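Colleague: My structure is in target-v4.txt, and what it holds is compact mmCIF, C-alpha atoms and all ligand atoms:
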# COMPACT_ATOMS: atom_id res chain seq x y z
CA MET H 1 -59.73 138.69 114.63
CA ALA H 2 -58.88 141.68 116.84
CA SER H 3 -56.95 140.76 119.96
CA GLN H 4 -58.74 141.11 123.26
CA VAL H 5 -55.45 141.31 125.11
CA MET H 6 -55.13 144.68 126.87
CA PRO H 7 -52.96 146.81 124.61
CA THR H 8 -50.10 147.41 127.06
CA TYR H 9 -47.50 146.48 124.42
CA ALA H 10 -47.02 147.85 120.89
CA ARG H 11 -46.50 144.39 119.46
CA LEU H 12 -44.73 143.49 116.23
CA PRO H 13 -46.87 141.61 113.66
CA VAL H 14 -45.36 138.19 114.20
CA MET H 15 -46.34 135.15 116.24
CA PHE H 16 -43.78 132.48 117.03
CA GLU H 17 -44.60 128.83 117.16
CA ARG H 18 -41.41 127.08 118.17
CA GLY H 19 -37.77 127.66 118.90
CA GLU H 20 -34.46 125.90 119.20
CA GLY H 21 -31.34 127.56 120.61
CA ALA H 22 -31.11 131.04 119.14
CA TRP H 23 -33.62 130.31 116.35
CA LEU H 24 -37.36 131.00 116.40
CA TRP H 25 -39.91 129.95 113.76
CA ASP H 26 -43.15 131.81 113.10
CA LYS H 27 -46.55 130.36 112.14
CA GLN H 28 -45.52 130.41 108.46
CA ASP H 29 -42.37 128.43 109.32
CA ARG H 30 -40.09 131.41 108.65
CA ARG H 31 -36.88 131.37 110.69
CA TYR H 32 -35.58 134.29 112.81
CA LEU H 33 -32.30 134.76 114.64
CA ASP H 34 -33.22 135.81 118.15
CA ALA H 35 -30.82 138.49 119.45
CA ILE H 36 -33.11 139.60 122.28
CA ALA H 37 -33.89 136.26 124.02
CA GLY H 38 -37.29 137.31 125.33
CA ILE H 39 -35.62 140.45 126.83
CA ALA H 40 -32.70 138.74 128.57
CA VAL H 41 -34.78 135.76 129.67
CA CYS H 42 -33.91 132.75 127.50
CA ASN H 43 -30.17 132.73 128.22
CA LEU H 44 -30.05 128.98 127.46
CA GLY H 45 -31.91 129.59 124.21
CA HIS H 46 -35.30 128.18 123.31
CA ALA H 47 -36.47 124.67 124.12
CA HIS H 48 -33.29 123.74 125.98
CA PRO H 49 -33.52 119.99 126.71
CA ALA H 50 -32.35 120.39 130.33
CA VAL H 51 -35.12 122.89 131.18
CA PHE H 52 -37.65 120.84 129.23
CA ALA H 53 -36.72 117.68 131.15
CA ALA H 54 -36.73 119.41 134.55
CA VAL H 55 -40.13 121.05 133.97
CA CYS H 56 -41.71 117.84 132.62
CA GLU H 57 -40.36 115.71 135.43
CA GLN H 58 -41.50 118.13 138.13
CA ALA H 59 -44.90 118.76 136.53
CA GLY H 60 -45.48 115.00 136.58
CA LYS H 61 -44.76 114.89 140.32
CA LEU H 62 -45.89 118.14 141.94
CA ILE H 63 -46.36 121.68 140.62
CA HIS H 64 -47.47 123.60 143.69
CA THR H 65 -48.08 123.14 147.39
CA SER H 66 -47.89 126.79 148.70
CA ASN H 67 -45.38 128.19 151.15
CA LEU H 68 -47.37 126.85 154.09
CA TYR H 69 -45.05 123.85 153.79
CA ARG H 70 -41.36 123.23 153.22
CA ILE H 71 -40.45 122.88 149.53
CA GLU H 72 -37.39 120.76 148.77
CA LYS H 73 -36.56 122.35 145.41
CA GLN H 74 -36.93 125.86 146.88
CA GLU H 75 -34.50 125.06 149.69
CA GLU H 76 -32.10 123.52 147.17
CA LEU H 77 -32.31 126.59 144.93
CA ALA H 78 -31.80 129.00 147.86
CA GLN H 79 -28.72 127.04 148.90
CA GLU H 80 -27.33 127.01 145.37
CA LEU H 81 -27.93 130.74 144.80
CA CYS H 82 -26.37 131.61 148.17
CA ARG H 83 -23.35 129.39 147.49
CA LEU H 84 -22.84 131.00 144.09
CA SER H 85 -23.38 134.60 145.22
CA GLY H 86 -22.02 134.65 148.77
CA MET H 87 -25.39 135.86 150.09
CA ASP H 88 -27.14 134.45 153.18
CA ASN H 89 -30.73 133.75 152.16
CA ALA H 90 -33.34 134.10 149.41
CA PHE H 91 -36.98 135.11 149.07
CA PHE H 92 -38.69 133.76 145.96
CA CYS H 93 -41.34 135.52 143.91
CA ASN H 94 -42.44 135.55 140.26
CA SER H 95 -40.95 138.58 138.49
CA GLY H 96 -38.32 141.29 138.57
CA ALA H 97 -40.73 143.92 139.87
CA GLU H 98 -41.69 141.66 142.77
CA ALA H 99 -38.03 140.93 143.54
CA ASN H 100 -37.42 144.68 143.71
CA GLU H 101 -40.54 145.20 145.84
CA SER H 102 -38.98 142.73 148.28
CA ALA H 103 -35.73 144.73 148.26
CA ILE H 104 -37.62 147.98 148.88
CA LYS H 105 -39.48 146.35 151.76
CA ILE H 106 -36.19 145.10 153.23
CA ALA H 107 -34.80 148.66 153.07
CA ARG H 108 -37.91 150.09 154.73
CA ARG H 109 -37.79 147.48 157.51
CA TYR H 110 -34.08 148.16 157.94
CA GLY H 111 -34.90 151.86 158.37
CA HIS H 112 -37.49 151.12 161.03
CA TYR H 113 -35.04 148.76 162.73
CA LEU H 114 -32.63 151.73 162.88
CA GLY H 115 -35.40 153.92 164.33
CA ILE H 116 -35.97 155.92 161.12
CA ALA H 117 -39.70 156.51 160.73
CA GLU H 118 -39.62 157.57 157.05
CA PRO H 119 -36.69 155.77 155.43
CA ALA H 120 -35.53 156.83 151.96
CA ILE H 121 -33.74 154.92 149.20
CA ILE H 122 -31.34 156.49 146.72
CA VAL H 123 -32.23 155.56 143.13
CA MET H 124 -30.78 156.58 139.76
CA GLU H 125 -31.81 158.69 136.79
CA SER H 126 -32.74 156.55 133.75
CA SER H 127 -33.04 153.42 135.91
CA PHE H 128 -35.69 150.75 135.44
CA HIS H 129 -36.99 148.60 138.29
CA GLY H 130 -40.46 147.44 137.19
CA ARG H 131 -44.10 148.47 136.79
CA THR H 132 -45.66 147.97 140.22
CA LEU H 133 -46.37 151.21 142.05
CA ALA H 134 -43.27 151.12 144.26
CA THR H 135 -40.94 149.94 141.50
CA LEU H 136 -42.21 152.46 138.94
CA SER H 137 -41.72 155.14 141.58
CA ALA H 138 -38.11 153.93 141.98
CA THR H 139 -37.71 153.92 138.19
CA GLY H 140 -35.99 156.96 136.66
CA SER H 141 -38.36 157.53 133.75
CA ARG H 142 -41.21 160.03 133.64
CA LYS H 143 -42.72 158.03 130.76
CA VAL H 144 -43.11 155.02 133.04
CA GLN H 145 -44.52 157.09 135.92
CA GLU H 146 -46.78 159.50 134.03
CA GLY H 147 -50.47 158.99 134.77
CA PHE H 148 -49.90 156.84 137.86
CA GLU H 149 -49.49 159.59 140.44
CA PRO H 150 -49.47 159.76 143.40
CA LEU H 151 -46.17 157.93 143.30
CA VAL H 152 -44.79 156.01 146.25
CA GLY H 153 -42.57 158.34 148.29
CA GLY H 154 -39.22 157.73 149.91
CA PHE H 155 -36.96 157.76 146.86
CA ILE H 156 -34.12 160.25 146.31
CA ARG H 157 -32.89 160.42 142.72
CA VAL H 158 -29.31 161.08 141.60
CA PRO H 159 -27.50 160.76 138.25
CA TYR H 160 -26.21 157.27 137.36
CA ASP H 161 -22.47 156.62 137.57
CA ASP H 162 -21.93 159.69 139.75
CA VAL H 163 -20.64 158.82 143.23
CA ARG H 164 -20.05 162.47 144.09
CA ALA H 165 -23.76 163.23 143.73
CA ILE H 166 -24.40 160.58 146.38
CA GLU H 167 -21.61 161.80 148.64
CA ALA H 168 -23.14 165.27 148.47
CA ILE H 169 -26.31 164.01 150.17
CA PRO H 170 -26.16 165.21 153.80
CA ASP H 171 -25.33 162.54 156.36
CA ASN H 172 -28.17 163.52 158.66
CA ASN H 173 -31.18 162.53 156.57
CA ASN H 174 -33.32 159.43 156.28
CA VAL H 175 -31.39 157.48 153.64
CA VAL H 176 -31.08 153.77 154.40
CA ALA H 177 -30.12 152.18 151.05
CA ILE H 178 -29.00 152.58 147.46
CA LEU H 179 -30.87 150.65 144.75
CA VAL H 180 -28.93 150.46 141.48
CA GLU H 181 -28.45 148.37 138.34
CA PRO H 182 -24.80 147.28 137.79
CA ILE H 183 -25.40 148.13 134.11
CA GLN H 184 -28.54 150.02 133.14
CA GLY H 185 -30.53 147.96 130.65
CA GLU H 186 -33.72 149.78 129.73
CA GLY H 187 -31.86 153.07 130.33
CA GLY H 188 -29.74 152.40 127.22
CA VAL H 189 -27.14 149.72 128.09
CA ARG H 190 -25.19 152.18 130.21
CA VAL H 191 -21.98 150.70 131.58
CA PRO H 192 -20.65 152.68 134.55
CA ALA H 193 -17.00 153.22 135.51
CA ASP H 194 -15.19 150.01 136.54
CA ASP H 195 -14.98 151.12 140.18
CA TYR H 196 -18.58 152.40 140.46
CA LEU H 197 -19.89 149.50 142.57
CA LEU H 198 -16.75 149.55 144.71
CA GLN H 199 -17.27 153.26 145.42
CA LEU H 200 -20.96 152.69 146.19
CA ARG H 201 -19.97 149.90 148.60
CA ARG H 202 -17.53 152.31 150.32
CA VAL H 203 -20.21 155.01 150.72
CA CYS H 204 -22.75 152.47 152.00
CA ASP H 205 -20.24 151.12 154.54
CA GLN H 206 -19.40 154.64 155.74
CA ARG H 207 -23.06 155.61 156.15
CA ASN H 208 -24.51 152.31 157.29
CA TRP H 209 -26.70 152.06 154.15
CA LEU H 210 -27.68 148.87 152.34
CA LEU H 211 -26.25 148.39 148.85
CA MET H 212 -29.07 146.79 146.82
CA LEU H 213 -28.29 145.63 143.28
CA ASP H 214 -31.01 145.11 140.70
CA GLU H 215 -29.54 142.24 138.68
CA VAL H 216 -32.85 141.34 137.06
CA GLN H 217 -31.37 141.99 133.60
CA THR H 218 -27.62 141.65 134.26
CA GLY H 219 -27.82 138.43 136.30
CA ILE H 220 -27.52 134.74 135.38
CA GLY H 221 -24.47 134.94 133.16
CA ARG H 222 -25.57 137.79 130.92
CA THR H 223 -22.51 140.02 131.43
CA GLY H 224 -19.87 137.27 131.48
CA ARG H 225 -20.07 136.58 135.24
CA LEU H 226 -22.92 134.73 136.93
CA LEU H 227 -23.85 138.05 138.57
CA ALA H 228 -22.55 141.38 137.29
CA PHE H 229 -21.24 142.45 140.70
CA GLN H 230 -18.83 139.48 140.49
CA HIS H 231 -16.75 141.51 138.04
CA THR H 232 -15.70 143.27 141.28
CA PHE H 233 -14.69 142.01 144.72
CA ILE H 234 -17.57 143.62 146.60
CA ARG H 235 -20.59 141.94 148.11
CA PRO H 236 -23.94 143.76 148.12
CA ASP H 237 -26.47 143.54 150.96
CA VAL H 238 -29.33 142.71 148.60
CA VAL H 239 -29.44 141.33 145.03
CA THR H 240 -32.58 140.92 142.96
CA LEU H 241 -32.95 138.39 140.16
CA ALA H 242 -35.67 137.26 137.76
CA LYS H 243 -35.72 137.07 133.93
CA ALA H 244 -33.11 134.40 133.04
CA LEU H 245 -33.33 132.59 136.37
CA GLY H 246 -36.06 130.29 135.00
CA ASN H 247 -35.20 130.67 131.27
CA GLY H 248 -38.86 131.63 130.71
CA VAL H 249 -40.53 129.86 133.60
CA PRO H 250 -41.56 132.82 135.80
CA ILE H 251 -39.43 133.13 138.92
CA GLY H 252 -37.84 136.03 140.78
CA ALA H 253 -35.53 136.06 143.77
CA CYS H 254 -34.36 138.57 146.34
CA LEU H 255 -31.07 137.50 147.94
CA ALA H 256 -29.93 139.16 151.16
CA LEU H 257 -26.87 139.24 153.38
CA GLY H 258 -26.27 139.95 157.06
CA THR H 259 -28.73 142.33 158.73
CA ALA H 260 -30.68 142.69 155.47
CA ALA H 261 -31.27 138.93 155.55
CA GLU H 262 -33.04 139.25 158.92
CA MET H 263 -35.61 141.89 157.93
CA LEU H 264 -38.39 139.83 156.36
CA THR H 265 -39.71 137.51 159.04
CA ALA H 266 -42.92 135.45 159.24
CA GLY H 267 -45.94 137.51 158.23
CA LYS H 268 -43.88 140.39 156.79
CA HIS H 269 -43.79 139.27 153.16
CA ALA H 270 -45.27 136.47 151.08
CA SER H 271 -46.14 135.14 147.65
CA THR H 272 -48.57 132.35 146.87
CA PHE H 273 -46.70 131.07 143.82
CA GLY H 274 -43.22 132.25 144.86
CA GLY H 275 -40.62 129.49 144.78
CA ASN H 276 -43.00 126.69 143.86
CA PRO H 277 -41.54 123.28 142.93
CA LEU H 278 -42.02 123.80 139.18
CA ALA H 279 -40.29 127.20 138.95
CA CYS H 280 -37.47 126.14 141.28
CA SER H 281 -36.84 122.95 139.27
CA ALA H 282 -36.50 125.06 136.13
CA ALA H 283 -34.10 127.47 137.89
CA LEU H 284 -31.97 124.63 139.24
CA ALA H 285 -31.73 123.19 135.73
CA VAL H 286 -30.73 126.63 134.41
CA LEU H 287 -27.90 127.02 136.94
CA ARG H 288 -26.59 123.48 136.38
CA THR H 289 -26.66 123.92 132.60
CA LEU H 290 -24.91 127.29 132.72
CA PHE H 291 -21.97 125.66 134.48
CA ARG H 292 -22.01 122.33 132.65
CA GLU H 293 -21.97 124.07 129.27
CA GLN H 294 -19.60 126.84 130.50
CA LEU H 295 -22.01 129.45 129.21
CA VAL H 296 -20.93 132.23 131.56
CA GLU H 297 -17.37 132.12 130.23
CA ARG H 298 -18.78 131.83 126.73
CA ALA H 299 -20.89 134.97 127.27
CA ALA H 300 -17.74 136.93 128.15
CA ILE H 301 -15.80 135.74 125.08
CA LEU H 302 -18.63 135.76 122.55
CA GLY H 303 -19.86 139.17 123.77
CA GLU H 304 -16.39 140.61 123.28
CA ASN H 305 -16.23 139.10 119.77
CA ILE H 306 -19.59 140.63 118.86
CA LEU H 307 -18.53 144.02 120.23
CA GLN H 308 -15.25 143.88 118.28
CA GLY H 309 -17.08 142.73 115.14
CA LEU H 310 -19.55 145.60 115.36
CA ARG H 311 -16.79 148.08 116.08
CA SER H 312 -14.76 147.09 113.07
CA ALA H 313 -17.87 147.13 110.85
CA ILE H 314 -19.61 150.37 111.89
CA GLU H 315 -17.64 152.33 114.50
CA GLY H 316 -17.08 155.91 113.33
CA ARG H 317 -19.79 155.63 110.65
CA PRO H 318 -22.19 158.58 110.39
CA HIS H 319 -24.97 158.39 113.03
CA VAL H 320 -23.18 155.74 115.12
CA VAL H 321 -22.39 157.45 118.44
CA ASP H 322 -21.16 154.57 120.58
CA ILE H 323 -20.90 150.77 120.68
CA ARG H 324 -20.72 149.44 124.21
CA GLY H 325 -21.62 146.62 126.54
CA LYS H 326 -20.37 143.81 128.71
CA GLY H 327 -20.68 140.15 127.84
CA MET H 328 -23.89 139.51 125.93
CA MET H 329 -25.50 142.83 126.87
CA ILE H 330 -24.67 145.16 124.00
CA GLY H 331 -25.91 148.58 122.93
CA ILE H 332 -25.33 150.58 119.75
CA GLU H 333 -26.18 154.20 120.39
CA LEU H 334 -27.28 156.20 117.34
CA ASP H 335 -27.64 159.96 117.07
CA GLN H 336 -31.38 159.84 116.42
CA PRO H 337 -34.42 157.73 117.32
CA CYS H 338 -34.46 154.54 115.26
CA PRO H 339 -37.73 152.66 115.94
CA ASP H 340 -38.00 151.63 112.22
CA LEU H 341 -34.89 149.51 112.55
CA VAL H 342 -36.73 146.90 114.59
CA PRO H 343 -39.42 146.09 111.95
CA LEU H 344 -36.76 146.28 109.23
CA ALA H 345 -34.64 143.75 111.10
CA LEU H 346 -37.71 141.58 111.60
CA GLU H 347 -38.33 141.58 107.84
CA ARG H 348 -34.79 140.24 107.44
CA GLY H 349 -35.31 137.54 110.03
CA LEU H 350 -33.46 139.22 112.89
CA LEU H 351 -34.92 140.05 116.32
CA ILE H 352 -33.42 143.11 117.99
CA ASN H 353 -34.78 145.81 120.26
CA VAL H 354 -34.48 149.56 120.74
CA THR H 355 -34.33 151.07 124.19
CA ALA H 356 -33.98 154.66 125.41
CA GLU H 357 -35.17 155.64 121.88
CA LYS H 358 -31.72 155.71 120.27
CA VAL H 359 -29.99 152.58 121.52
CA LEU H 360 -30.17 149.33 119.57
CA ARG H 361 -30.00 146.63 122.17
CA LEU H 362 -28.70 143.09 121.74
CA LEU H 363 -29.35 140.46 124.41
CA PRO H 364 -28.69 137.21 122.53
CA PRO H 365 -29.01 133.82 124.18
CA LEU H 366 -25.68 132.71 125.65
CA VAL H 367 -25.89 129.54 123.53
CA LEU H 368 -25.46 131.57 120.33
CA THR H 369 -23.00 129.73 118.07
CA ASP H 370 -19.95 131.41 116.50
CA ASP H 371 -21.66 131.27 113.10
CA GLN H 372 -24.81 132.85 114.48
CA ALA H 373 -22.70 135.58 116.14
CA ARG H 374 -21.05 136.34 112.78
CA LEU H 375 -24.44 136.37 111.06
CA LEU H 376 -25.76 138.78 113.70
CA VAL H 377 -22.84 141.19 113.27
CA ASP H 378 -23.02 141.08 109.45
CA GLU H 379 -26.79 141.45 109.19
CA LEU H 380 -27.00 144.22 111.77
CA SER H 381 -24.08 146.22 110.37
CA ARG H 382 -25.57 145.99 106.86
CA LEU H 383 -28.96 147.00 108.19
CA ILE H 384 -27.65 150.09 110.03
CA VAL H 385 -25.52 151.26 107.09
CA GLY H 386 -28.39 150.69 104.64
CA TYR H 387 -30.91 152.38 106.92
CA PHE H 388 -29.02 155.64 107.07
CA LYS H 389 -28.33 155.62 103.32
CA ILE H 390 -32.05 155.31 102.72
CA THR H 391 -33.14 157.94 105.24
CA ALA H 392 -30.28 160.43 104.57
N1 LIG H 401 -35.35 145.47 136.85
C1 LIG H 401 -34.69 145.52 135.68
C2 LIG H 401 -33.27 145.96 135.67
C3 LIG H 401 -35.33 145.16 134.50
O1 LIG H 401 -34.68 145.24 133.34
C4 LIG H 401 -36.69 144.75 134.55
C5 LIG H 401 -37.42 144.41 133.31
O2 LIG H 401 -37.05 144.75 132.23
C6 LIG H 401 -37.33 144.72 135.79
C7 LIG H 401 -36.64 145.07 136.92
C8 LIG H 401 -38.77 144.29 135.88
O3 LIG H 401 -38.87 142.92 135.70
P1 LIG H 401 -40.31 142.24 135.41
O4 LIG H 401 -40.75 142.72 134.08
O5 LIG H 401 -40.03 140.77 135.48
O6 LIG H 401 -41.22 142.69 136.51
For this file, produce the structure as structure tokens.
Modeller:
Amino acid sequence: MASQVMPTYARLPVMFERGEGAWLWDKQDRRYLDAIAGIAVCNLGHAHPAVFAAVCEQAGKLIHTSNLYRIEKQEELAQELCRLSGMDNAFFCNSGAEANESAIKIARRYGHYLGIAEPAIIVMESSFHGRTLATLSATGSRKVQEGFEPLVGGFIRVPYDDVRAIEAIPDNNNVVAILVEPIQGEGGVRVPADDYLLQLRRVCDQRNWLLMLDEVQTGIGRTGRLLAFQHTFIRPDVVTLAKALGNGVPIGACLALGTAAEMLTAGKHASTFGGNPLACSAALAVLRTLFREQLVERAAILGENILQGLRSAIEGRPHVVDIRGKGMMIGIELDQPCPDLVPLALERGLLINVTAEKVLRLLPPLVLTDDQARLLVDELSRLIVGYFKITA
């Protein structure tokens, strides 16, 4: 039967029925190694007992009351996220795009608070911030924006990982903030210079701008720190989270510090579902499990092992341009578009993804075992080598 789901995704011809850890099983009971984790969402793997227990327990008590009332689990989660990140407060929503909308609204309010009538935010080339009108306008991809004009104004675009381009922006304009991913995900797993965030913090301090980090993909242990900015000693003014925060239960968060934390007051922003007891219980279980099972440290070590494994297997091979990443966020850049590799991998029981046309992206669950990591490296290396032999 033809699907009546709006065709916004070019879906692969597979339907999964159940999962456990890094394994997924389809309707025919065929097993797949999941190296994409629902696009950086299921960091604890599939069907983690701690998330299962938290969701069941909360669903049996109370799923939703609305934000007209205090919500114990929401307050607990805000406290935990602030303790872990050094931020002051949290707004909860349901997705990454909404978390970034909140950040954009904070920047705009901050501008008005400074007396700037038309505040602007610096954003990056090849960035990705979501599909709502404001976040697709902030996104550095014509493909994402095309057909949705007029775009939301107030964004100034500069190249990624280029502090000089930002410093060259005159001091007397309307800029109030920088919105940036610590590592670009959709843009091709682009890892900037080690001191990039530090330099951005310096510029923001000099110019009285907010530094707003989109950690929707990099957050919650993915890069080998709970948040990617914690590889440095800086603190941002705003951090956005979603994806892995609920391990699949939809929840987003916008964390803020100092003046930025005072911008969204009663009546200025809202979400009916945002931070409901169910989603917050899942997120609390995720955070507790990450620490109990030492998964953040594991992401750093295992990610490095996978990178090294891939480098020794395929670095320098024809068509392999670069192998890069941090923690369990890994990209293999090829010298030509490689969309066929995804269905080929699927046929072999391996789930991977291609982003920015030429970059094979791996975002495995952080619970991947050592054996599964070896299997991933072996299968993928064989696949890439074989693919180019066939197509040469
Ligand atoms: N920001 C980044 C860095 C992302 O990678 C994504 C999604 O891929 C988003 C924002 C949008 O998140 P969502 O799809 O939950 O709206």
Colleague: Using Å and a single decimal, report how far CA of Arg235 (chain H) sits from CA of Ala120 (chain H).
Modeller: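 Taking CA of Ala120 (chain H) and CA of Arg235 (chain H), their separation equals 21.4 Å.
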Colleague: Using 9 Å as the limit and counting all atoms listed in the file, can you tabulate each residue of chain H that touches ligand LIG 401 (chain H), with its shortest atom-to-atom distance in Å and the two atoms involved, as CSV?
Modeller:
residue,atom,partner,partner_atom,distance
H:Ile39,CA,H:LIG401,O2,7.0
H:Ala40,CA,H:LIG401,O2,8.3
H:Asn94,CA,H:LIG401,O5,7.5
H:Ser95,CA,H:LIG401,O5,3.8
H:Gly96,CA,H:LIG401,O3,3.3
H:Ala97,CA,H:LIG401,O6,3.6
H:Glu98,CA,H:LIG401,O6,6.4
H:Ala99,CA,H:LIG401,O6,7.9
H:Asn100,CA,H:LIG401,C7,6.8
H:Ser127,CA,H:LIG401,C2,7.5
H:Phe128,CA,H:LIG401,C1,5.3
H:His129,CA,H:LIG401,C7,3.8
H:Gly130,CA,H:LIG401,C8,3.8
H:Arg131,CA,H:LIG401,O6,6.5
H:Thr132,CA,H:LIG401,O6,7.8
H:Thr135,CA,H:LIG401,C7,7.9
H:Thr139,CA,H:LIG401,N1,8.9
H:Val180,CA,H:LIG401,C2,8.5
H:Glu181,CA,H:LIG401,C2,6.0
H:Pro182,CA,H:LIG401,C2,8.8
H:Ile183,CA,H:LIG401,C2,8.3
H:Gln184,CA,H:LIG401,C2,6.7
H:Gly185,CA,H:LIG401,O1,5.6
H:Glu186,CA,H:LIG401,O1,5.9
H:Gly187,CA,H:LIG401,O1,8.8
H:Asp214,CA,H:LIG401,C2,5.6
H:Glu215,CA,H:LIG401,C2,6.1
H:Val216,CA,H:LIG401,C1,4.8
H:Gln217,CA,H:LIG401,O1,4.6
H:Thr218,CA,H:LIG401,C2,7.2
H:Thr240,CA,H:LIG401,N1,8.1
H:Leu241,CA,H:LIG401,N1,8.2
H:Ala242,CA,H:LIG401,O5,6.0
H:Lys243,CA,H:LIG401,O5,5.9
H:Pro250,CA,H:LIG401,O5,8.1
H:Ile251,CA,H:LIG401,O5,8.4
H:Gly252,CA,H:LIG401,O5,7.4
Colleague: Measuring between only C-alpha atoms, which one of H:Ile169, H:Val286, H:Leu344, H:Leu380 shows the shortest distance to Ala47 (chain H)?
Modeller: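 Nearest to Ala47 (chain H): H:Val286.
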Colleague: Of the residues H:Leu151, H:Leu383, H:Ile332, H:Asn247, which is the one nearest to Arg311 (chain H), using all atoms listed in the file?
Modeller: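 Closest to Arg311 (chain H), using all atoms listed in the file: H:Ile332.
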Colleague: Would you list the residues near (-40.1, 127.7, 111.0), meaning any protein, DNA or RNA residue with an atom at most 12 Å from that point in file coordinates, counting only C-alpha atoms, as a list in words?
Modeller: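 Every residue inside that radius is included here: Met15, Phe16, Glu17, Arg18, Gly19, Glu20, Trp23, Leu24, Trp25, Asp26, Lys27, Gln28, Asp29, Arg30, Arg31, Tyr32, Leu33 and Gly349 of chain H.
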Colleague: Residues near Val152 (chain H), anyone? I mean within 12 Å using all atoms listed in the file, not counting same-chain ones fewer than 4 positions away, as a ChimeraX atom specification.
Modeller: /H:101,104,120-121,132-139,145,148,156
Colleague: From the set H:Pro192, H:Gly248, H:Pro13, H:Gly115, which residue has the shortest atom-to-atom contact distance to Phe229 (chain H), counting all atoms listed in the file?
Modeller: H:Pro192
Colleague: Quick one: residues within 7 Å of Asp34 (chain H), only C-alpha atoms, excluding same-chain residues fewer than 3 positions away - as a PyMOL selection string?
Modeller: chain H and resi 22-24+37+350-351+364
Colleague: Nearest to Ser281 (chain H): which of H:Leu363, H:Leu114, H:Val249, H:Ala103 is it, counting all atoms listed in the file?
Modeller: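 Distance minimum relative to Ser281 (chain H) lands on H:Val249.
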Colleague: Find the residues around Ile390 (chain H) up to 12 Å (all atoms listed in the file counted), leave out those fewer than 5 positions away in its own chain, and share them as a list in words.
Modeller: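 Near neighbours after the sequence-gap exclusion: Asp340, Leu341, Leu383, Ile384 and Val385 of chain H.
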Colleague: Which residues come within 8 Å of Gln79 (chain H), counting only C-alpha atoms, excluding same-chain residues fewer than 4 positions away, as a PyMOL selection string?
Modeller: chain H and resi 75+83+89
Colleague: Take the point (-35.0, 135.9, 149.3) in the file's coordinates, draw a sphere of radius 10 Å around it, and report as a VMD selection string every protein, DNA or RNA residue with an atom inside or on it, counting all atoms listed in the file.
Modeller: chain H and resid 78 81 to 82 87 to 93 99 102 to 103 238 to 241 252 to 257 261 264 275
Colleague: Just C-alpha atoms for this one: save the residues we selected as a compact mmCIF listing (two decimals), in the frame of the given file.
Modeller:
# COMPACT_ATOMS: atom_id res chain seq x y z
CA ALA H 78 -31.80 129.00 147.86
CA LEU H 81 -27.93 130.74 144.80
CA CYS H 82 -26.37 131.61 148.17
CA MET H 87 -25.39 135.86 150.09
CA ASP H 88 -27.14 134.45 153.18
CA ASN H 89 -30.73 133.75 152.16
CA ALA H 90 -33.34 134.10 149.41
CA PHE H 91 -36.98 135.11 149.07
CA PHE H 92 -38.69 133.76 145.96
CA CYS H 93 -41.34 135.52 143.91
CA ALA H 99 -38.03 140.93 143.54
CA SER H 102 -38.98 142.73 148.28
CA ALA H 103 -35.73 144.73 148.26
CA VAL H 238 -29.33 142.71 148.60
CA VAL H 239 -29.44 141.33 145.03
CA THR H 240 -32.58 140.92 142.96
CA LEU H 241 -32.95 138.39 140.16
CA GLY H 252 -37.84 136.03 140.78
CA ALA H 253 -35.53 136.06 143.77
CA CYS H 254 -34.36 138.57 146.34
CA LEU H 255 -31.07 137.50 147.94
CA ALA H 256 -29.93 139.16 151.16
CA LEU H 257 -26.87 139.24 153.38
CA ALA H 261 -31.27 138.93 155.55
CA LEU H 264 -38.39 139.83 156.36
CA GLY H 275 -40.62 129.49 144.78
Colleague: Just give me the gap between CA of Pro337 (chain H) and CA of Gly38 (chain H) in Å, one decimal is fine.
Modeller: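 Interatomic distance, CA of Pro337 (chain H) to CA of Gly38 (chain H): 22.1 Å.
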Colleague: For Asn43 (chain H), please output as JSON, numbers by chain all residues within 8 Å (counting only C-alpha atoms; exclusion window: fewer than 5 positions along the same chain).
Modeller: {"H": [37, 220, 221, 222, 244, 247, 364, 365, 366, 367]}
Colleague: Let's have the selection written as a compact mmCIF listing (two decimals), keeping the file's coordinate frame, with C-alpha atoms.
Modeller:
# COMPACT_ATOMS: atom_id res chain seq x y z
CA ALA H 37 -33.89 136.26 124.02
CA ILE H 220 -27.52 134.74 135.38
CA GLY H 221 -24.47 134.94 133.16
CA ARG H 222 -25.57 137.79 130.92
CA ALA H 244 -33.11 134.40 133.04
CA ASN H 247 -35.20 130.67 131.27
CA PRO H 364 -28.69 137.21 122.53
CA PRO H 365 -29.01 133.82 124.18
CA LEU H 366 -25.68 132.71 125.65
CA VAL H 367 -25.89 129.54 123.53
Colleague: Please report the interatomic distance between CA of Ala260 (chain H) and CA of Leu84 (chain H) in Å with one decimal.
Modeller: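 Rounded to one decimal, the two atoms are 18.1 Å apart.
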Colleague: Quick one: of H:Ile352, H:Leu200, H:Leu287, H:Ile71, who's nearest to Val51 (chain H), counting only C-alpha atoms?
Modeller: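 The answer is H:Leu287, which sits nearest to Val51 (chain H).
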Colleague: When distances are computed from only C-alpha atoms, which of H:Pro277, H:Asp371, H:Ser381, H:Leu346 shows the smallest separation from Val14 (chain H)?
Modeller: H:Leu346
Colleague: Please report as a tab-separated table every residue of region 105-153 of chain H lying within 12 Å of region 269-273 of chain H, along with the nearest atom pair and their distance in Å (one decimal), using only C-alpha atoms.
Modeller:
residue	atom	partner	partner_atom	distance
H:Lys105	CA	H:His269	CA	8.4
H:Ile106	CA	H:His269	CA	9.6
H:Arg109	CA	H:His269	CA	11.1
